[in-house]
$ cat final-v1.txt   # compact mmCIF, N, CA and C atoms
# COMPACT_ATOMS: atom_id res chain seq x y z
N MET X 1 -0.18 -0.75 -33.46
CA MET X 1 -1.43 -0.98 -32.77
C MET X 1 -1.24 -0.65 -31.29
N LEU X 2 -2.24 -0.03 -30.71
CA LEU X 2 -2.18 0.34 -29.31
C LEU X 2 -2.38 -0.87 -28.40
N ASP X 3 -1.63 -0.88 -27.30
CA ASP X 3 -1.76 -1.88 -26.25
C ASP X 3 -2.20 -1.10 -25.01
N ILE X 4 -3.47 -1.20 -24.69
CA ILE X 4 -4.04 -0.42 -23.61
C ILE X 4 -4.39 -1.33 -22.45
N GLU X 5 -3.89 -0.97 -21.27
CA GLU X 5 -4.23 -1.67 -20.04
C GLU X 5 -5.04 -0.74 -19.17
N ILE X 6 -6.11 -1.26 -18.63
CA ILE X 6 -6.89 -0.50 -17.67
C ILE X 6 -6.76 -1.22 -16.34
N ILE X 7 -6.21 -0.51 -15.38
CA ILE X 7 -6.01 -1.05 -14.04
C ILE X 7 -7.03 -0.35 -13.16
N ALA X 8 -7.92 -1.12 -12.56
CA ALA X 8 -9.04 -0.51 -11.85
C ALA X 8 -9.32 -1.21 -10.53
N ALA X 9 -9.67 -0.41 -9.55
CA ALA X 9 -10.06 -0.94 -8.25
C ALA X 9 -11.45 -1.57 -8.36
N GLY X 10 -11.62 -2.68 -7.67
CA GLY X 10 -12.93 -3.33 -7.62
C GLY X 10 -13.13 -4.34 -8.74
N LYS X 11 -14.20 -5.08 -8.62
CA LYS X 11 -14.55 -6.11 -9.59
C LYS X 11 -15.87 -5.72 -10.26
N MET X 12 -15.87 -5.78 -11.60
CA MET X 12 -17.08 -5.50 -12.36
C MET X 12 -18.03 -6.68 -12.23
N LYS X 13 -19.26 -6.38 -11.85
CA LYS X 13 -20.27 -7.43 -11.72
C LYS X 13 -21.04 -7.57 -13.02
N ALA X 14 -21.63 -8.73 -13.21
CA ALA X 14 -22.49 -8.93 -14.38
C ALA X 14 -23.67 -7.97 -14.27
N GLY X 15 -24.07 -7.44 -15.40
CA GLY X 15 -25.20 -6.52 -15.41
C GLY X 15 -25.01 -5.47 -16.49
N PRO X 16 -25.81 -4.41 -16.44
CA PRO X 16 -25.78 -3.41 -17.51
C PRO X 16 -24.41 -2.77 -17.74
N LEU X 17 -23.69 -2.40 -16.69
CA LEU X 17 -22.38 -1.78 -16.89
C LEU X 17 -21.38 -2.77 -17.47
N GLY X 18 -21.40 -4.00 -16.99
CA GLY X 18 -20.53 -5.02 -17.52
C GLY X 18 -20.83 -5.31 -18.99
N ASN X 19 -22.11 -5.30 -19.34
CA ASN X 19 -22.50 -5.52 -20.74
C ASN X 19 -22.00 -4.38 -21.62
N LEU X 20 -22.12 -3.13 -21.16
CA LEU X 20 -21.61 -1.99 -21.92
C LEU X 20 -20.10 -2.08 -22.10
N TRP X 21 -19.41 -2.42 -21.02
CA TRP X 21 -17.95 -2.59 -21.08
C TRP X 21 -17.59 -3.58 -22.17
N ASP X 22 -18.23 -4.74 -22.14
CA ASP X 22 -17.94 -5.79 -23.12
C ASP X 22 -18.22 -5.32 -24.54
N GLU X 23 -19.31 -4.60 -24.73
CA GLU X 23 -19.68 -4.14 -26.07
C GLU X 23 -18.65 -3.15 -26.61
N TYR X 24 -18.25 -2.16 -25.81
CA TYR X 24 -17.27 -1.18 -26.30
C TYR X 24 -15.90 -1.81 -26.50
N LYS X 25 -15.54 -2.76 -25.64
CA LYS X 25 -14.26 -3.45 -25.83
C LYS X 25 -14.25 -4.21 -27.15
N LYS X 26 -15.33 -4.89 -27.44
CA LYS X 26 -15.45 -5.63 -28.71
C LYS X 26 -15.36 -4.66 -29.89
N ARG X 27 -16.02 -3.53 -29.79
CA ARG X 27 -16.01 -2.55 -30.88
C ARG X 27 -14.63 -1.92 -31.08
N ALA X 28 -13.85 -1.83 -30.02
CA ALA X 28 -12.53 -1.18 -30.12
C ALA X 28 -11.47 -2.07 -30.78
N SER X 29 -11.82 -3.30 -31.08
CA SER X 29 -10.89 -4.20 -31.77
C SER X 29 -10.47 -3.56 -33.10
N PRO X 30 -9.23 -3.67 -33.53
CA PRO X 30 -8.19 -4.60 -33.10
C PRO X 30 -7.26 -4.03 -32.03
N TRP X 31 -7.57 -2.85 -31.46
CA TRP X 31 -6.71 -2.37 -30.38
C TRP X 31 -6.76 -3.39 -29.26
N LYS X 32 -5.60 -3.68 -28.69
CA LYS X 32 -5.51 -4.64 -27.60
C LYS X 32 -5.84 -3.91 -26.30
N ILE X 33 -6.87 -4.37 -25.64
CA ILE X 33 -7.31 -3.74 -24.39
C ILE X 33 -7.47 -4.82 -23.34
N SER X 34 -6.80 -4.63 -22.22
CA SER X 34 -6.91 -5.59 -21.12
C SER X 34 -7.32 -4.86 -19.85
N LEU X 35 -7.99 -5.59 -18.99
CA LEU X 35 -8.46 -5.05 -17.72
C LEU X 35 -7.83 -5.85 -16.59
N HIS X 36 -7.25 -5.13 -15.64
CA HIS X 36 -6.70 -5.74 -14.42
C HIS X 36 -7.50 -5.18 -13.25
N GLU X 37 -8.28 -6.04 -12.62
CA GLU X 37 -9.10 -5.61 -11.49
C GLU X 37 -8.34 -5.87 -10.19
N ILE X 38 -8.33 -4.86 -9.33
CA ILE X 38 -7.57 -4.90 -8.09
C ILE X 38 -8.52 -4.82 -6.91
N THR X 39 -8.34 -5.70 -5.95
CA THR X 39 -9.09 -5.62 -4.70
C THR X 39 -8.11 -5.71 -3.54
N GLY X 40 -8.52 -5.16 -2.44
CA GLY X 40 -7.72 -5.22 -1.23
C GLY X 40 -8.63 -5.23 -0.01
N ARG X 41 -8.06 -5.59 1.12
CA ARG X 41 -8.89 -5.64 2.33
C ARG X 41 -9.20 -4.24 2.86
N ASP X 42 -8.38 -3.26 2.45
CA ASP X 42 -8.63 -1.87 2.84
C ASP X 42 -8.03 -0.95 1.77
N ALA X 43 -8.25 0.36 1.92
CA ALA X 43 -7.79 1.31 0.90
C ALA X 43 -6.28 1.30 0.74
N ALA X 44 -5.54 1.14 1.82
CA ALA X 44 -4.08 1.14 1.75
C ALA X 44 -3.58 -0.06 0.94
N GLN X 45 -4.13 -1.23 1.18
CA GLN X 45 -3.71 -2.42 0.44
C GLN X 45 -4.11 -2.29 -1.04
N GLU X 46 -5.30 -1.75 -1.29
CA GLU X 46 -5.75 -1.55 -2.67
C GLU X 46 -4.79 -0.60 -3.41
N ARG X 47 -4.42 0.49 -2.78
CA ARG X 47 -3.49 1.45 -3.41
C ARG X 47 -2.14 0.79 -3.69
N GLN X 48 -1.65 -0.01 -2.75
CA GLN X 48 -0.37 -0.69 -2.94
C GLN X 48 -0.43 -1.64 -4.13
N LYS X 49 -1.53 -2.37 -4.25
CA LYS X 49 -1.69 -3.29 -5.38
C LYS X 49 -1.78 -2.53 -6.70
N LEU X 50 -2.41 -1.36 -6.70
CA LEU X 50 -2.47 -0.53 -7.89
C LEU X 50 -1.06 -0.10 -8.31
N ILE X 51 -0.28 0.35 -7.34
CA ILE X 51 1.10 0.78 -7.60
C ILE X 51 1.92 -0.37 -8.20
N GLU X 52 1.74 -1.56 -7.67
CA GLU X 52 2.50 -2.71 -8.14
C GLU X 52 2.19 -3.06 -9.60
N LYS X 53 1.02 -2.69 -10.09
CA LYS X 53 0.63 -2.99 -11.48
C LYS X 53 1.18 -1.98 -12.48
N ILE X 54 1.70 -0.86 -12.00
CA ILE X 54 2.20 0.17 -12.92
C ILE X 54 3.49 -0.30 -13.58
N ASN X 55 3.49 -0.25 -14.90
CA ASN X 55 4.66 -0.62 -15.68
C ASN X 55 5.45 0.65 -15.99
N PRO X 56 6.69 0.77 -15.54
CA PRO X 56 7.45 2.00 -15.77
C PRO X 56 7.72 2.29 -17.24
N ARG X 57 7.58 1.29 -18.12
CA ARG X 57 7.80 1.52 -19.55
C ARG X 57 6.53 1.96 -20.27
N ALA X 58 5.40 1.86 -19.59
CA ALA X 58 4.13 2.29 -20.19
C ALA X 58 3.88 3.76 -19.88
N TYR X 59 3.08 4.40 -20.71
CA TYR X 59 2.65 5.77 -20.43
C TYR X 59 1.44 5.65 -19.51
N LEU X 60 1.53 6.24 -18.33
CA LEU X 60 0.48 6.11 -17.31
C LEU X 60 -0.45 7.31 -17.33
N ILE X 61 -1.74 7.01 -17.42
CA ILE X 61 -2.79 8.03 -17.32
C ILE X 61 -3.65 7.66 -16.12
N VAL X 62 -3.80 8.60 -15.22
CA VAL X 62 -4.60 8.40 -14.02
C VAL X 62 -5.90 9.16 -14.18
N LEU X 63 -7.02 8.51 -13.90
CA LEU X 63 -8.31 9.19 -13.92
C LEU X 63 -8.60 9.75 -12.54
N ASP X 64 -8.87 11.04 -12.49
CA ASP X 64 -9.09 11.73 -11.22
C ASP X 64 -9.91 12.99 -11.50
N GLU X 65 -10.89 13.28 -10.66
CA GLU X 65 -11.74 14.45 -10.92
C GLU X 65 -10.97 15.77 -10.89
N LYS X 66 -9.77 15.78 -10.35
CA LYS X 66 -8.96 17.00 -10.31
C LYS X 66 -8.02 17.10 -11.52
N GLY X 67 -8.17 16.16 -12.44
CA GLY X 67 -7.29 16.13 -13.60
C GLY X 67 -7.70 17.09 -14.71
N LYS X 68 -7.05 16.93 -15.82
CA LYS X 68 -7.27 17.77 -17.01
C LYS X 68 -8.46 17.22 -17.80
N THR X 69 -9.32 18.10 -18.27
CA THR X 69 -10.40 17.67 -19.14
C THR X 69 -10.00 17.94 -20.58
N VAL X 70 -10.32 17.01 -21.45
CA VAL X 70 -10.02 17.15 -22.87
C VAL X 70 -11.24 16.71 -23.67
N SER X 71 -11.37 17.25 -24.86
CA SER X 71 -12.46 16.83 -25.73
C SER X 71 -12.17 15.43 -26.28
N SER X 72 -13.19 14.81 -26.81
CA SER X 72 -13.00 13.48 -27.41
C SER X 72 -12.04 13.55 -28.58
N ALA X 73 -12.15 14.60 -29.40
CA ALA X 73 -11.25 14.75 -30.55
C ALA X 73 -9.81 14.94 -30.09
N ASP X 74 -9.59 15.72 -29.04
CA ASP X 74 -8.24 15.92 -28.52
C ASP X 74 -7.69 14.63 -27.91
N PHE X 75 -8.55 13.87 -27.25
CA PHE X 75 -8.14 12.58 -26.69
C PHE X 75 -7.71 11.64 -27.81
N ALA X 76 -8.48 11.59 -28.88
CA ALA X 76 -8.13 10.74 -30.03
C ALA X 76 -6.80 11.18 -30.63
N ALA X 77 -6.63 12.48 -30.81
CA ALA X 77 -5.38 13.00 -31.38
C ALA X 77 -4.20 12.66 -30.47
N TRP X 78 -4.41 12.73 -29.17
CA TRP X 78 -3.35 12.41 -28.22
C TRP X 78 -2.96 10.93 -28.33
N LEU X 79 -3.96 10.04 -28.39
CA LEU X 79 -3.66 8.61 -28.54
C LEU X 79 -2.91 8.36 -29.84
N ASP X 80 -3.33 9.02 -30.91
CA ASP X 80 -2.67 8.87 -32.21
C ASP X 80 -1.22 9.34 -32.13
N LYS X 81 -1.00 10.44 -31.45
CA LYS X 81 0.36 10.98 -31.30
C LYS X 81 1.24 10.01 -30.50
N GLN X 82 0.68 9.42 -29.45
CA GLN X 82 1.45 8.46 -28.66
C GLN X 82 1.87 7.27 -29.52
N ALA X 83 0.91 6.74 -30.29
CA ALA X 83 1.20 5.59 -31.15
C ALA X 83 2.23 5.96 -32.21
N ALA X 84 2.11 7.14 -32.80
CA ALA X 84 3.04 7.58 -33.85
C ALA X 84 4.45 7.77 -33.30
N SER X 85 4.55 8.13 -32.02
CA SER X 85 5.86 8.34 -31.41
C SER X 85 6.48 7.03 -30.92
N GLY X 86 5.76 5.93 -31.08
CA GLY X 86 6.28 4.64 -30.65
C GLY X 86 5.85 4.24 -29.25
N GLN X 87 5.08 5.10 -28.58
CA GLN X 87 4.59 4.77 -27.23
C GLN X 87 3.23 4.09 -27.37
N ASN X 88 3.26 2.80 -27.69
CA ASN X 88 2.03 2.05 -27.92
C ASN X 88 1.43 1.46 -26.65
N HIS X 89 2.22 1.37 -25.58
CA HIS X 89 1.73 0.77 -24.33
C HIS X 89 1.25 1.89 -23.41
N ILE X 90 -0.05 1.91 -23.20
CA ILE X 90 -0.66 2.94 -22.36
C ILE X 90 -1.43 2.26 -21.24
N GLN X 91 -1.22 2.73 -20.03
CA GLN X 91 -1.96 2.23 -18.88
C GLN X 91 -2.86 3.34 -18.35
N PHE X 92 -4.12 2.99 -18.11
CA PHE X 92 -5.07 3.88 -17.45
C PHE X 92 -5.29 3.31 -16.06
N LEU X 93 -5.33 4.17 -15.06
CA LEU X 93 -5.52 3.72 -13.69
C LEU X 93 -6.75 4.40 -13.11
N ILE X 94 -7.67 3.59 -12.57
CA ILE X 94 -8.90 4.09 -11.96
C ILE X 94 -8.91 3.61 -10.51
N GLY X 95 -8.96 4.53 -9.59
CA GLY X 95 -8.96 4.19 -8.18
C GLY X 95 -10.33 3.78 -7.68
N GLY X 96 -10.39 3.43 -6.42
CA GLY X 96 -11.63 3.01 -5.79
C GLY X 96 -12.34 4.16 -5.11
N ALA X 97 -13.21 3.81 -4.19
CA ALA X 97 -14.05 4.78 -3.50
C ALA X 97 -13.25 5.82 -2.72
N ASP X 98 -12.06 5.45 -2.26
CA ASP X 98 -11.24 6.38 -1.48
C ASP X 98 -10.27 7.18 -2.34
N GLY X 99 -10.36 7.04 -3.65
CA GLY X 99 -9.51 7.82 -4.54
C GLY X 99 -8.10 7.28 -4.61
N LEU X 100 -7.23 8.11 -5.18
CA LEU X 100 -5.83 7.72 -5.39
C LEU X 100 -4.92 8.56 -4.52
N SER X 101 -3.79 7.98 -4.17
CA SER X 101 -2.82 8.71 -3.35
C SER X 101 -2.04 9.70 -4.20
N PRO X 102 -1.48 10.74 -3.59
CA PRO X 102 -0.62 11.66 -4.33
C PRO X 102 0.56 10.93 -4.99
N GLU X 103 1.05 9.88 -4.35
CA GLU X 103 2.16 9.09 -4.90
C GLU X 103 1.79 8.51 -6.27
N ILE X 104 0.57 8.01 -6.39
CA ILE X 104 0.12 7.45 -7.66
C ILE X 104 -0.04 8.56 -8.70
N ARG X 105 -0.67 9.67 -8.32
CA ARG X 105 -0.87 10.79 -9.26
C ARG X 105 0.47 11.31 -9.78
N GLN X 106 1.50 11.32 -8.93
CA GLN X 106 2.81 11.83 -9.34
C GLN X 106 3.49 10.93 -10.37
N LYS X 107 3.13 9.66 -10.41
CA LYS X 107 3.73 8.74 -11.37
C LYS X 107 3.12 8.91 -12.77
N ALA X 108 2.01 9.61 -12.86
CA ALA X 108 1.27 9.71 -14.12
C ALA X 108 1.88 10.72 -15.07
N GLY X 109 1.87 10.36 -16.35
CA GLY X 109 2.24 11.31 -17.40
C GLY X 109 1.09 12.28 -17.66
N LEU X 110 -0.12 11.84 -17.33
CA LEU X 110 -1.32 12.66 -17.52
C LEU X 110 -2.33 12.28 -16.45
N VAL X 111 -2.92 13.28 -15.81
CA VAL X 111 -4.04 13.07 -14.90
C VAL X 111 -5.26 13.58 -15.65
N LEU X 112 -6.17 12.68 -15.95
CA LEU X 112 -7.31 12.96 -16.81
C LEU X 112 -8.60 12.95 -16.00
N SER X 113 -9.50 13.86 -16.35
CA SER X 113 -10.78 13.96 -15.66
C SER X 113 -11.93 13.87 -16.66
N PHE X 114 -13.02 13.25 -16.23
CA PHE X 114 -14.26 13.27 -16.99
C PHE X 114 -15.16 14.39 -16.50
N GLY X 115 -14.59 15.37 -15.83
CA GLY X 115 -15.33 16.52 -15.32
C GLY X 115 -15.14 16.66 -13.82
N ALA X 116 -15.66 17.75 -13.30
CA ALA X 116 -15.47 18.05 -11.88
C ALA X 116 -16.30 17.16 -10.97
N GLN X 117 -17.28 16.49 -11.51
CA GLN X 117 -18.11 15.61 -10.71
C GLN X 117 -17.37 14.31 -10.40
N THR X 118 -17.75 13.68 -9.31
CA THR X 118 -17.19 12.38 -8.96
C THR X 118 -18.09 11.31 -9.56
N TRP X 119 -17.47 10.33 -10.24
CA TRP X 119 -18.21 9.24 -10.86
C TRP X 119 -17.90 7.94 -10.15
N PRO X 120 -18.88 7.04 -10.04
CA PRO X 120 -18.58 5.72 -9.48
C PRO X 120 -17.50 5.05 -10.34
N HIS X 121 -16.56 4.35 -9.70
CA HIS X 121 -15.44 3.80 -10.46
C HIS X 121 -15.87 2.78 -11.50
N MET X 122 -16.97 2.09 -11.30
CA MET X 122 -17.45 1.15 -12.32
C MET X 122 -17.97 1.90 -13.54
N MET X 123 -18.65 3.01 -13.30
CA MET X 123 -19.14 3.82 -14.41
C MET X 123 -17.98 4.49 -15.14
N ALA X 124 -16.96 4.90 -14.39
CA ALA X 124 -15.78 5.52 -15.01
C ALA X 124 -15.11 4.54 -15.97
N ARG X 125 -15.11 3.26 -15.63
CA ARG X 125 -14.54 2.25 -16.53
C ARG X 125 -15.27 2.23 -17.87
N VAL X 126 -16.60 2.22 -17.79
CA VAL X 126 -17.40 2.17 -19.01
C VAL X 126 -17.22 3.46 -19.81
N MET X 127 -17.18 4.59 -19.13
CA MET X 127 -16.98 5.87 -19.82
C MET X 127 -15.62 5.89 -20.51
N LEU X 128 -14.59 5.39 -19.84
CA LEU X 128 -13.26 5.32 -20.45
C LEU X 128 -13.28 4.40 -21.67
N MET X 129 -13.90 3.25 -21.54
CA MET X 129 -13.95 2.31 -22.66
C MET X 129 -14.68 2.93 -23.85
N GLU X 130 -15.76 3.66 -23.59
CA GLU X 130 -16.48 4.32 -24.68
C GLU X 130 -15.60 5.38 -25.33
N GLN X 131 -14.84 6.12 -24.56
CA GLN X 131 -13.97 7.15 -25.13
C GLN X 131 -12.83 6.54 -25.93
N ILE X 132 -12.35 5.39 -25.52
CA ILE X 132 -11.32 4.70 -26.30
C ILE X 132 -11.92 4.27 -27.64
N TYR X 133 -13.12 3.69 -27.60
CA TYR X 133 -13.79 3.30 -28.83
C TYR X 133 -14.05 4.52 -29.71
N ARG X 134 -14.53 5.60 -29.10
CA ARG X 134 -14.81 6.83 -29.85
C ARG X 134 -13.53 7.35 -30.51
N ALA X 135 -12.42 7.31 -29.78
CA ALA X 135 -11.14 7.76 -30.34
C ALA X 135 -10.77 6.94 -31.57
N LYS X 136 -10.96 5.63 -31.47
CA LYS X 136 -10.68 4.74 -32.61
C LYS X 136 -11.54 5.16 -33.81
N GLN X 137 -12.80 5.46 -33.57
CA GLN X 137 -13.70 5.84 -34.64
C GLN X 137 -13.33 7.21 -35.23
N ILE X 138 -12.95 8.14 -34.38
CA ILE X 138 -12.52 9.46 -34.85
C ILE X 138 -11.30 9.31 -35.76
N LEU X 139 -10.33 8.53 -35.31
CA LEU X 139 -9.09 8.36 -36.08
C LEU X 139 -9.35 7.64 -37.41
N ALA X 140 -10.40 6.81 -37.46
CA ALA X 140 -10.74 6.09 -38.67
C ALA X 140 -11.63 6.94 -39.60
N GLY X 141 -12.01 8.15 -39.15
CA GLY X 141 -12.88 9.01 -39.95
C GLY X 141 -14.32 8.54 -39.99
N HIS X 142 -14.70 7.70 -39.05
CA HIS X 142 -16.07 7.17 -38.98
C HIS X 142 -17.01 8.23 -38.41
N PRO X 143 -18.25 8.26 -38.87
CA PRO X 143 -19.19 9.30 -38.38
C PRO X 143 -19.78 9.06 -36.99
N TYR X 144 -19.28 8.09 -36.24
CA TYR X 144 -19.79 7.85 -34.87
C TYR X 144 -19.74 9.13 -34.05
N HIS X 145 -18.64 9.87 -34.16
CA HIS X 145 -18.47 11.10 -33.39
C HIS X 145 -18.96 12.30 -34.20
N ARG X 146 -19.79 13.10 -33.59
CA ARG X 146 -20.28 14.32 -34.24
C ARG X 146 -19.98 15.51 -33.37
N GLU X 147 -19.55 16.58 -34.00
CA GLU X 147 -19.29 17.81 -33.23
C GLU X 147 -20.19 18.91 -33.71
$ encode --input "final-v1.txt" --output "structure tokens"
Amino acid sequence: MLDIEIIAAGKMKAGPLGNLWDEYKKRASPWKISLHEITGRDAAQERQKLIEKINPRAYLIVLDEKGKTVSSADFAAWLDKQAASGQNHIQFLIGGADGLSPEIRQKAGLVLSFGAQTWPHMMARVMLMEQIYRAKQILAGHPYHRE
């Protein structure tokens, strides 16, 4: 079973995005998914706190608009391959409004993008959670995903 940690700058507020997050997290069960929200008094402190949360034994994926784009099916296959190889602990890192430092990007096994556009970090969380749920459904052969 996958153990997925999402480390993200900022705090999710109650409302539509928080409700979507909760719904997709519930649907992704039994995969273990945890969220670590990071705040700091400035961008430098926030980045340092993000770095401190990185587990060197986990596979780190950083979300960044300059990263690699992959299809949902390829993302699902990649998660399946990680689990099959014994790498069940995966960390996703989402930066704040000022982005991520090169130091953080260099620690990543994969820099992933949801496209060339910049997305608000709260929306990126929900999009990531939906893609994790979609991957689970693809791997289960469920018709949620259509190509």
$ residues_around --input "final-v1.txt" --residues "stretch 72-77 of chain X" --least-positions-apart "5" --cutoff "6.5 Å" --atoms "only N, CA and C atoms" --output "list in words"
Gln82, Arg134, Ala135, Lys136 and Leu139 of chain X
$ select_by_dssp --input "final-v1.txt" --residues "chain X" --states "alpha helix (DSSP H)" --output "PyMOL selection string"
chain X and resi 16-27+43-53+72-84+102-107+121-139
$ atom_distance --input "final-v1.txt" --atom1 "atom CA of X:Met122" --atom2 "atom CA of X:Lys107"
22.5 Å
$ closest_residue --input "final-v1.txt" --among "X:Leu112, X:Ala9, X:Arg105, X:Trp119" --to "X:Arg41" --atoms "only C-alpha atoms"
X:Ala9
$ atom_distance --input "final-v1.txt" --atom1 "atom CA of X:Ile54" --atom2 "atom CA of X:Trp78"
20.4 Å
$ select_by_dssp --input "final-v1.txt" --residues "stretch 73-112 of chain X" --states "strand (DSSP E)" --output "JSON, numbers by chain"
{"X": [89, 90, 91, 92, 93, 94, 110, 111, 112]}
$ axis_aligned_box --input "final-v1.txt" --around "stretch 16-34 of chain X" --padding-each-side "5 Å" --output "lines of an AutoDock Vina configuration file"
center_x = -15.7
center_y = -3.5
center_z = -25.0
size_x = 30.3
size_y = 14.6
size_z = 27.1
